[in-house]
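Asker: Dropping in query00.txt, with compact mmCIF, C-alpha atoms.
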# COMPACT_ATOMS: atom_id res chain seq x y z
CA MET O 2 -80.94 27.29 -0.64
CA ARG O 3 -79.75 23.96 -1.99
CA LYS O 4 -79.02 25.46 -5.43
CA TYR O 5 -77.09 28.27 -3.71
CA ASN O 6 -74.92 25.73 -1.85
CA ILE O 7 -74.22 23.83 -5.06
CA ARG O 8 -73.20 27.05 -6.83
CA LEU O 9 -71.03 28.05 -3.88
CA ASN O 10 -69.29 24.68 -3.91
CA ILE O 11 -68.68 24.98 -7.64
CA VAL O 12 -67.20 28.45 -7.20
CA LEU O 13 -64.98 27.28 -4.33
CA LEU O 14 -63.79 24.29 -6.36
CA ALA O 15 -63.01 26.56 -9.31
CA ILE O 16 -61.05 28.89 -7.03
CA ILE O 17 -59.08 25.95 -5.58
CA ILE O 18 -58.26 24.58 -9.04
CA LEU O 19 -57.24 28.04 -10.23
CA GLY O 20 -55.06 28.47 -7.14
CA VAL O 21 -53.34 25.14 -7.74
CA VAL O 22 -52.71 26.02 -11.40
CA LEU O 23 -51.34 29.44 -10.48
CA GLY O 24 -49.21 27.85 -7.73
CA PHE O 25 -47.62 25.42 -10.18
CA ALA O 26 -47.08 28.26 -12.64
CA LEU O 27 -45.34 30.28 -9.93
CA ILE O 28 -43.15 27.30 -8.98
CA ASN O 29 -42.25 26.69 -12.61
CA HIS O 30 -41.46 30.34 -13.35
CA GLU O 31 -39.93 31.63 -10.11
CA VAL O 32 -38.96 28.77 -7.82
CA THR O 33 -37.67 26.04 -10.13
CA PRO O 34 -34.80 28.02 -11.77
CA VAL O 35 -33.44 29.07 -8.36
CA MET O 36 -33.79 25.55 -6.97
CA LEU O 37 -32.05 24.01 -9.98
CA LYS O 38 -29.20 26.49 -9.71
CA VAL O 39 -28.61 25.64 -6.04
CA ALA O 40 -29.04 21.91 -6.73
CA LYS O 41 -26.47 21.99 -9.55
CA GLU O 42 -24.01 23.87 -7.36
CA GLU O 43 -24.30 21.25 -4.61
CA THR O 44 -24.08 18.41 -7.14
CA ASN O 45 -20.93 19.88 -8.68
CA LYS O 46 -19.42 20.40 -5.22
CA LEU O 47 -19.98 16.83 -4.01
CA SER O 48 -19.06 15.25 -7.36
CA THR O 49 -15.82 17.25 -7.43
CA ILE O 50 -14.93 15.96 -3.96
CA ILE O 51 -15.63 12.37 -5.05
CA ILE O 52 -13.51 12.70 -8.21
CA ASN O 53 -10.65 14.35 -6.35
CA ASP O 54 -10.62 11.78 -3.53
CA ALA O 55 -10.89 8.88 -5.95
CA ILE O 56 -7.85 10.03 -7.92
CA LYS O 57 -5.79 10.74 -4.81
CA LYS O 58 -6.58 7.47 -3.03
CA GLN O 59 -6.51 5.09 -5.96
CA VAL O 60 -3.74 6.55 -8.09
CA VAL O 61 -1.63 9.40 -6.79
CA GLU O 62 -0.52 7.77 -3.51
CA GLY O 63 1.10 4.83 -5.29
CA LEU O 64 2.09 6.44 -8.58
CA SER O 65 5.38 8.00 -9.60
CA PHE O 66 6.21 10.04 -12.67
CA ASP O 67 8.63 7.41 -13.95
CA LYS O 68 5.80 4.88 -14.20
CA LEU O 69 3.85 7.11 -16.58
CA PHE O 70 6.65 7.90 -19.01
CA ILE O 71 9.41 6.18 -20.91
CA ILE O 72 12.54 8.33 -20.87
CA THR O 73 15.38 7.75 -23.31
CA TYR O 74 18.86 9.23 -23.01
CA GLU O 75 21.64 10.09 -25.44
CA ASN O 76 25.14 10.79 -24.13
CA GLY O 77 23.76 11.05 -20.64
CA GLU O 78 21.18 13.66 -21.66
CA VAL O 79 17.40 13.27 -21.90
CA ALA O 80 16.52 12.76 -25.57
CA THR O 81 12.79 11.94 -25.57
CA ILE O 82 9.95 11.42 -23.14
CA ASP O 83 6.94 9.39 -24.26
CA PHE O 84 3.83 8.09 -22.56
CA ASP O 85 3.81 4.50 -21.35
CA SER O 86 0.52 3.64 -23.06
CA VAL O 87 -0.09 0.53 -20.94
CA MET O 88 0.37 2.40 -17.65
CA VAL O 89 -1.69 5.40 -18.81
CA SER O 90 -4.55 3.11 -19.86
CA ARG O 91 -4.39 1.35 -16.51
CA VAL O 92 -4.45 4.64 -14.59
CA LEU O 93 -7.40 6.02 -16.57
CA SER O 94 -9.31 2.75 -16.20
CA THR O 95 -8.79 2.79 -12.43
CA ILE O 96 -9.89 6.41 -12.15
CA THR O 97 -12.97 5.88 -14.31
CA SER O 98 -14.19 2.77 -12.52
CA THR O 99 -13.54 4.23 -9.05
CA VAL O 100 -15.40 7.49 -9.72
CA GLN O 101 -18.31 5.71 -11.41
CA MET O 102 -18.56 3.24 -8.55
CA ASN O 103 -18.60 5.99 -5.90
CA LEU O 104 -21.21 8.00 -7.77
CA LYS O 105 -23.44 4.92 -8.05
CA TYR O 106 -23.00 4.24 -4.32
CA LEU O 107 -24.03 7.84 -3.67
CA GLU O 108 -27.02 7.52 -5.98
CA GLU O 109 -28.16 4.29 -4.29
CA GLY O 110 -27.56 5.55 -0.75
CA GLN O 111 -24.77 3.08 0.09
CA VAL O 112 -22.90 5.53 2.30
CA GLU O 113 -20.79 2.86 3.97
CA MET O 114 -19.29 1.95 0.58
CA LEU O 115 -18.22 5.50 -0.31
CA GLU O 116 -14.47 5.98 -0.34
CA LEU O 117 -14.61 9.43 1.24
CA SER O 118 -12.90 10.77 4.33
CA ASP O 119 -14.90 11.21 7.54
CA ASN O 120 -14.22 14.96 7.37
CA VAL O 121 -16.07 15.15 4.06
CA LEU O 122 -19.00 13.00 5.13
CA ALA O 123 -19.39 15.00 8.34
CA HIS O 124 -20.68 17.94 6.30
CA TYR O 125 -23.64 15.92 5.01
CA ASN O 126 -26.72 14.43 6.65
CA GLN O 127 -26.02 10.71 6.86
CA ASP O 128 -29.70 9.73 7.03
CA ASN O 129 -30.40 11.70 3.86
CA LEU O 130 -27.43 10.18 2.04
CA LYS O 131 -28.73 6.70 2.89
CA LYS O 132 -31.96 7.65 1.13
CA GLY O 133 -30.06 8.82 -1.94
CA ILE O 134 -30.60 12.50 -1.06
CA ILE O 135 -27.39 14.49 -1.38
CA TYR O 136 -28.83 17.81 -0.21
CA GLU O 137 -32.02 19.48 1.00
CA ILE O 138 -32.68 23.00 -0.27
CA PRO O 139 -34.70 25.26 2.06
CA LEU O 140 -37.49 26.96 0.15
CA SER O 141 -36.32 30.22 1.75
CA VAL O 142 -33.41 30.42 -0.74
CA VAL O 143 -35.94 31.56 -3.33
CA TYR O 144 -36.64 34.67 -1.25
CA ASN O 145 -33.02 35.01 -0.08
CA ASN O 146 -34.17 35.13 3.54
CA PRO O 147 -31.83 33.26 5.94
CA PHE O 148 -34.23 33.79 8.87
CA LEU O 149 -36.69 31.34 7.29
CA THR O 150 -34.11 28.59 6.69
CA ASN O 151 -35.22 26.37 9.57
CA LEU O 152 -38.91 27.19 9.14
CA SER O 153 -39.47 26.73 5.43
CA PRO O 154 -40.04 23.36 3.68
CA LYS O 155 -36.94 21.63 2.28
CA ILE O 156 -36.70 20.24 -1.24
CA PRO O 157 -34.63 17.02 -1.59
CA VAL O 158 -31.98 16.82 -4.30
CA ARG O 159 -30.92 13.54 -5.89
CA ILE O 160 -28.46 12.74 -8.65
CA ASN O 161 -28.34 10.13 -11.37
CA LEU O 162 -25.22 9.13 -13.32
CA ILE O 163 -25.91 9.43 -17.05
CA GLY O 164 -23.77 7.40 -19.41
CA SER O 165 -20.08 6.93 -18.75
CA LEU O 166 -17.35 9.10 -17.32
CA ASP O 167 -14.80 10.50 -19.77
CA SER O 168 -11.20 10.89 -18.62
CA GLY O 169 -7.93 11.72 -20.31
CA ILE O 170 -4.33 12.67 -19.65
CA ARG O 171 -3.16 16.23 -20.31
CA THR O 172 0.39 17.54 -20.02
CA LYS O 173 1.80 21.00 -19.53
CA VAL O 174 5.47 21.73 -20.25
CA THR O 175 7.01 24.94 -18.87
CA ASN O 176 10.56 26.28 -19.18
CA TYR O 177 12.12 26.24 -15.74
CA GLY O 178 15.39 28.07 -15.23
CA ILE O 179 18.24 27.43 -17.63
CA ASN O 180 17.92 24.33 -19.77
CA ASN O 181 15.28 22.75 -17.54
CA ALA O 182 11.65 21.84 -18.20
CA LEU O 183 8.86 21.42 -15.66
CA ILE O 184 6.39 18.77 -16.81
CA GLU O 185 2.97 18.65 -15.16
CA VAL O 186 0.55 15.79 -15.80
CA TYR O 187 -3.18 16.24 -15.22
CA VAL O 188 -6.20 13.98 -15.34
CA ASP O 189 -9.15 15.70 -17.00
CA THR O 190 -12.53 14.18 -16.17
CA THR O 191 -16.06 14.90 -17.36
CA VAL O 192 -19.10 13.38 -15.66
CA ASN O 193 -22.63 13.65 -17.03
CA LEU O 194 -25.17 13.79 -14.19
CA GLU O 195 -28.89 14.35 -13.87
CA VAL O 196 -29.97 16.64 -11.03
CA ILE O 197 -33.37 15.47 -9.79
CA LEU O 198 -35.87 17.61 -7.89
CA PRO O 199 -39.43 16.50 -7.01
CA PHE O 200 -40.93 18.66 -9.77
CA GLN O 201 -38.16 18.80 -12.39
CA SER O 202 -34.79 17.41 -13.43
CA GLU O 203 -31.92 18.76 -15.50
CA GLU O 204 -28.66 17.42 -16.87
CA THR O 205 -25.35 18.91 -15.84
CA LYS O 206 -21.69 18.27 -16.62
CA VAL O 207 -19.04 18.21 -13.94
CA LYS O 208 -15.58 18.92 -15.35
CA MET O 209 -12.44 18.69 -13.27
CA SER O 210 -8.68 18.67 -13.75
CA VAL O 211 -6.57 17.03 -11.04
CA PRO O 212 -2.73 17.11 -10.93
CA LEU O 213 -1.36 13.60 -11.29
CA ALA O 214 2.42 14.06 -11.35
CA ILE O 215 5.04 16.81 -11.57
CA LYS O 216 8.61 16.31 -12.75
CA MET O 217 11.49 18.62 -13.50
CA ILE O 218 13.70 17.44 -16.35
CA ARG O 219 17.24 18.73 -16.02
CA GLY O 220 19.41 19.35 -19.05
CA LYS O 221 23.09 20.15 -19.31
CA VAL O 222 23.80 23.78 -18.39
CA PRO O 223 25.47 25.41 -21.44
CA GLU O 224 28.63 27.52 -21.26
CA TYR O 225 26.79 30.35 -22.97
CA TYR O 226 23.14 31.26 -22.31
CA SER O 227 21.07 34.06 -23.79
CA ASN O 228 17.26 34.45 -23.92
CA GLY O 229 16.33 30.82 -23.96
CA SER O 230 17.12 27.23 -23.24
CA MET O 231 19.78 25.20 -25.04
CA GLY O 232 18.88 21.86 -23.48
CA PRO O 233 17.81 18.62 -25.09
CA THR O 234 14.70 18.38 -27.21
CA ILE O 235 11.79 16.93 -25.27
CA SER O 236 9.20 15.13 -27.35
CA LEU O 237 6.08 14.97 -25.21
CA PRO O 238 2.51 14.37 -26.43
CA ASN O 239 0.07 17.02 -25.23
CA THR O 240 -3.51 15.76 -25.43
Can the structure in the file be given as structure tokens, please?
Answerer:
Amino acid sequence: MRKYNIRLNIVLLAIIILGVVLGFALINHEVTPVMLKVAKEETNKLSTIIINDAIKKQVVEGLSFDKLFIITYENGEVATIDFDSVMVSRVLSTITSTVQMNLKYLEEGQVEMLELSDNVLAHYNQDNLKKGIIYEIPLSVVYNNPFLTNLSPKIPVRINLIGSLDSGIRTKVTNYGINNALIEVYVDTTVNLEVILPFQSEETKVKMSVPLAIKMIRGKVPEYYSNGSMGPTISLPNT
């Protein structure tokens, strides 16, 4: 009888170990890809909001087009438009430091330090954010069953800022009417983040382009116009 109990215990232990192994295999093959996809979507969403708000609050509200460019005139007409390198460097430095700082606050759970509007924060669980958790994914998303959302376990999602944030100025020049040019200035940003789940992590890049300034440059309207503009030449770097 004793030998039978020992054999039974060994069999049960083997079944438990096999079940655990198969469970982890199922999680790795079926659950993890879905979880990572949802986690990356939420990470991109929140990071985009942070980048957008940082640029608007720190730069756009107090920045005019004339501060970004040096405009020269000849005979009362616009001759060239060039970047003010000092101002551009200052703007990019402010954007970079602000976004990095907010992402680190988010990573460390310092919600009170985040420079985000109350409307944005209202969509997130404040207690979770204070723990460094940006989102909790219901396990039911794997089975695409909304009825189990409140019943299934929830997987916490965290983020980690990897390296530095890259930012740059990009311009777009468009013909506008007769002899006019519409100049749009954008800030392009790329953030390298690590999405962290309890059982796996993966790197992701968040890329965003935010309008910084828009200006219409008016030229002298010619006496004769046909299929094009006859205004002044605009020399504008496009990076």
Asker: Which segment 148-216 of chain O residues have any atom within 12 Å of an atom of segment 75-90 of chain O, and for each, what is the nearest pair of atoms with distance in Å to one decimal, counting only C-alpha atoms, rows sorted by chain and number, as a tab-separated table?
Answerer:
residue	atom	partner	partner_atom	distance
O:Ser168	CA	O:Ser90	CA	10.3
O:Gly169	CA	O:Val89	CA	9.0
O:Ile170	CA	O:Val89	CA	7.8
O:Arg171	CA	O:Phe84	CA	11.0
O:Thr172	CA	O:Phe84	CA	10.4
O:Val174	CA	O:Ile82	CA	11.6
O:Asn180	CA	O:Val79	CA	11.3
O:Asn181	CA	O:Val79	CA	10.6
O:Ala182	CA	O:Val79	CA	11.0
O:Ile184	CA	O:Ile82	CA	10.3
O:Val186	CA	O:Phe84	CA	10.8
O:Tyr187	CA	O:Val89	CA	11.5
O:Val188	CA	O:Val89	CA	10.3
O:Leu213	CA	O:Val89	CA	11.1
O:Lys216	CA	O:Ile82	CA	11.6
Asker: Next, dump the selected residues to file, keeping only C-alpha atoms, as a PDB file, keeping the file's coordinate frame.
Answerer:
ATOM      1  CA  SER O 168     -11.200  10.890 -18.620  1.00  0.00           C
ATOM      2  CA  GLY O 169      -7.930  11.720 -20.310  1.00  0.00           C
ATOM      3  CA  ILE O 170      -4.330  12.670 -19.650  1.00  0.00           C
ATOM      4  CA  ARG O 171      -3.160  16.230 -20.310  1.00  0.00           C
ATOM      5  CA  THR O 172       0.390  17.540 -20.020  1.00  0.00           C
ATOM      6  CA  VAL O 174       5.470  21.730 -20.250  1.00  0.00           C
ATOM      7  CA  ASN O 180      17.920  24.330 -19.770  1.00  0.00           C
ATOM      8  CA  ASN O 181      15.280  22.750 -17.540  1.00  0.00           C
ATOM      9  CA  ALA O 182      11.650  21.840 -18.200  1.00  0.00           C
ATOM     10  CA  ILE O 184       6.390  18.770 -16.810  1.00  0.00           C
ATOM     11  CA  VAL O 186       0.550  15.790 -15.800  1.00  0.00           C
ATOM     12  CA  TYR O 187      -3.180  16.240 -15.220  1.00  0.00           C
ATOM     13  CA  VAL O 188      -6.200  13.980 -15.340  1.00  0.00           C
ATOM     14  CA  LEU O 213      -1.360  13.600 -11.290  1.00  0.00           C
ATOM     15  CA  LYS O 216       8.610  16.310 -12.750  1.00  0.00           C
TER      16      LYS O 216
END
Asker: I'd like the contact shell of Glu203 of chain O - 10 Å cut-off, all atoms listed in the file, skipping same-chain residues fewer than 4 positions apart - returned as a ChimeraX atom specification.
Answerer: /O:37,40-41,160,194-198
Asker: Would you please work out which residue, of O:Lys68, O:Lys132, O:Lys58, O:Lys46, is nearest to Met209 of chain O when using all atoms listed in the file?
Answerer: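 Residue with the minimum atom-to-atom distance to Met209 of chain O: O:Lys46.
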Asker: By how many Å are atom CA of Tyr125 of chain O and atom CA of Lys38 of chain O apart?
Answerer: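 Computing the Euclidean distance for atom CA of Tyr125 of chain O and atom CA of Lys38 of chain O yields 19.0 Å.
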Asker: Provide the atom CA of Leu104 of chain O to atom CA of Lys173 of chain O distance in Å, to one decimal place.
Answerer: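 So the answer is 28.9 Å.
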Asker: Pick the closest to Pro139 of chain O from O:Ala55, O:Met36, O:Leu14, O:Val121: which is it, counting all atoms listed in the file?
Answerer: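 Of the candidates, the smallest distance to Pro139 of chain O is held by O:Met36.
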Asker: Using all atoms listed in the file, can you tell me which of O:Glu116, O:Val158, O:Phe200, O:Val100 comes closest to Asn129 of chain O?
Answerer: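 Checking each of O:Glu116, O:Val158, O:Phe200, O:Val100 against Asn129 of chain O, counting all atoms listed in the file, the winner is O:Val158.
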Asker: Choose the residue, out of O:Leu117, O:Val35, O:Gln111, O:Thr175, that has the smallest atom-to-atom separation from Lys57 of chain O; count only C-alpha atoms.
Answerer: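 Closest to Lys57 of chain O, using only C-alpha atoms: O:Leu117.
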Asker: Got a sec: who's within 9 Å of Ile134 of chain O, counting all atoms listed in the file, leaving out chain neighbours fewer than 5 positions off, as a VMD selection string?
Answerer: chain O and resid 107 to 108 110 126 128 to 129 157 to 160
Asker: To one decimal place in Å, what is the distance between atom CA of Gly164 of chain O and atom CA of Pro212 of chain O?
Answerer: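 According to the coordinates, atom CA of Gly164 of chain O and atom CA of Pro212 of chain O are separated by 24.7 Å.
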Asker: Can you fill out segment 113-129 of chain O with N, CA and C atoms and hand it back as a PDB file, in the frame of the given file?
Answerer:
ATOM      1  N   GLU O 113     -21.900   3.608   3.391  1.00  0.00           N
ATOM      2  CA  GLU O 113     -20.790   2.860   3.970  1.00  0.00           C
ATOM      3  C   GLU O 113     -19.787   2.395   2.919  1.00  0.00           C
ATOM      4  N   MET O 114     -20.173   2.388   1.660  1.00  0.00           N
ATOM      5  CA  MET O 114     -19.290   1.950   0.580  1.00  0.00           C
ATOM      6  C   MET O 114     -18.507   3.108  -0.040  1.00  0.00           C
ATOM      7  N   LEU O 115     -18.892   4.338   0.270  1.00  0.00           N
ATOM      8  CA  LEU O 115     -18.220   5.500  -0.310  1.00  0.00           C
ATOM      9  C   LEU O 115     -16.795   5.610   0.195  1.00  0.00           C
ATOM     10  N   GLU O 116     -15.871   5.832  -0.711  1.00  0.00           N
ATOM     11  CA  GLU O 116     -14.470   5.980  -0.340  1.00  0.00           C
ATOM     12  C   GLU O 116     -14.164   7.466  -0.126  1.00  0.00           C
ATOM     13  N   LEU O 117     -14.804   8.029   0.893  1.00  0.00           N
ATOM     14  CA  LEU O 117     -14.610   9.430   1.240  1.00  0.00           C
ATOM     15  C   LEU O 117     -14.160   9.535   2.680  1.00  0.00           C
ATOM     16  N   SER O 118     -13.392  10.567   2.977  1.00  0.00           N
ATOM     17  CA  SER O 118     -12.900  10.770   4.330  1.00  0.00           C
ATOM     18  C   SER O 118     -14.053  11.153   5.253  1.00  0.00           C
ATOM     19  N   ASP O 119     -13.880  10.870   6.544  1.00  0.00           N
ATOM     20  CA  ASP O 119     -14.900  11.210   7.540  1.00  0.00           C
ATOM     21  C   ASP O 119     -15.137  12.717   7.597  1.00  0.00           C
ATOM     22  N   ASN O 120     -14.083  13.500   7.345  1.00  0.00           N
ATOM     23  CA  ASN O 120     -14.220  14.960   7.370  1.00  0.00           C
ATOM     24  C   ASN O 120     -15.189  15.446   6.301  1.00  0.00           C
ATOM     25  N   VAL O 121     -15.164  14.786   5.150  1.00  0.00           N
ATOM     26  CA  VAL O 121     -16.070  15.150   4.060  1.00  0.00           C
ATOM     27  C   VAL O 121     -17.492  14.747   4.392  1.00  0.00           C
ATOM     28  N   LEU O 122     -17.668  13.515   4.834  1.00  0.00           N
ATOM     29  CA  LEU O 122     -19.000  13.000   5.130  1.00  0.00           C
ATOM     30  C   LEU O 122     -19.669  13.737   6.282  1.00  0.00           C
ATOM     31  N   ALA O 123     -18.852  14.303   7.167  1.00  0.00           N
ATOM     32  CA  ALA O 123     -19.390  15.000   8.340  1.00  0.00           C
ATOM     33  C   ALA O 123     -20.202  16.233   7.940  1.00  0.00           C
ATOM     34  N   HIS O 124     -19.976  16.747   6.746  1.00  0.00           N
ATOM     35  CA  HIS O 124     -20.680  17.940   6.300  1.00  0.00           C
ATOM     36  C   HIS O 124     -22.047  17.603   5.686  1.00  0.00           C
ATOM     37  N   TYR O 125     -22.393  16.329   5.627  1.00  0.00           N
ATOM     38  CA  TYR O 125     -23.640  15.920   5.010  1.00  0.00           C
ATOM     39  C   TYR O 125     -24.485  15.090   5.971  1.00  0.00           C
ATOM     40  N   ASN O 126     -25.789  15.188   5.817  1.00  0.00           N
ATOM     41  CA  ASN O 126     -26.720  14.430   6.650  1.00  0.00           C
ATOM     42  C   ASN O 126     -26.670  12.960   6.254  1.00  0.00           C
ATOM     43  N   GLN O 127     -26.205  12.118   7.166  1.00  0.00           N
ATOM     44  CA  GLN O 127     -26.020  10.710   6.860  1.00  0.00           C
ATOM     45  C   GLN O 127     -27.332  10.006   6.539  1.00  0.00           C
ATOM     46  N   ASP O 128     -28.393  10.352   7.276  1.00  0.00           N
ATOM     47  CA  ASP O 128     -29.700   9.730   7.030  1.00  0.00           C
ATOM     48  C   ASP O 128     -30.206  10.066   5.634  1.00  0.00           C
ATOM     49  N   ASN O 129     -29.987  11.304   5.207  1.00  0.00           N
ATOM     50  CA  ASN O 129     -30.400  11.700   3.860  1.00  0.00           C
ATOM     51  C   ASN O 129     -29.584  10.975   2.792  1.00  0.00           C
TER      52      ASN O 129
END
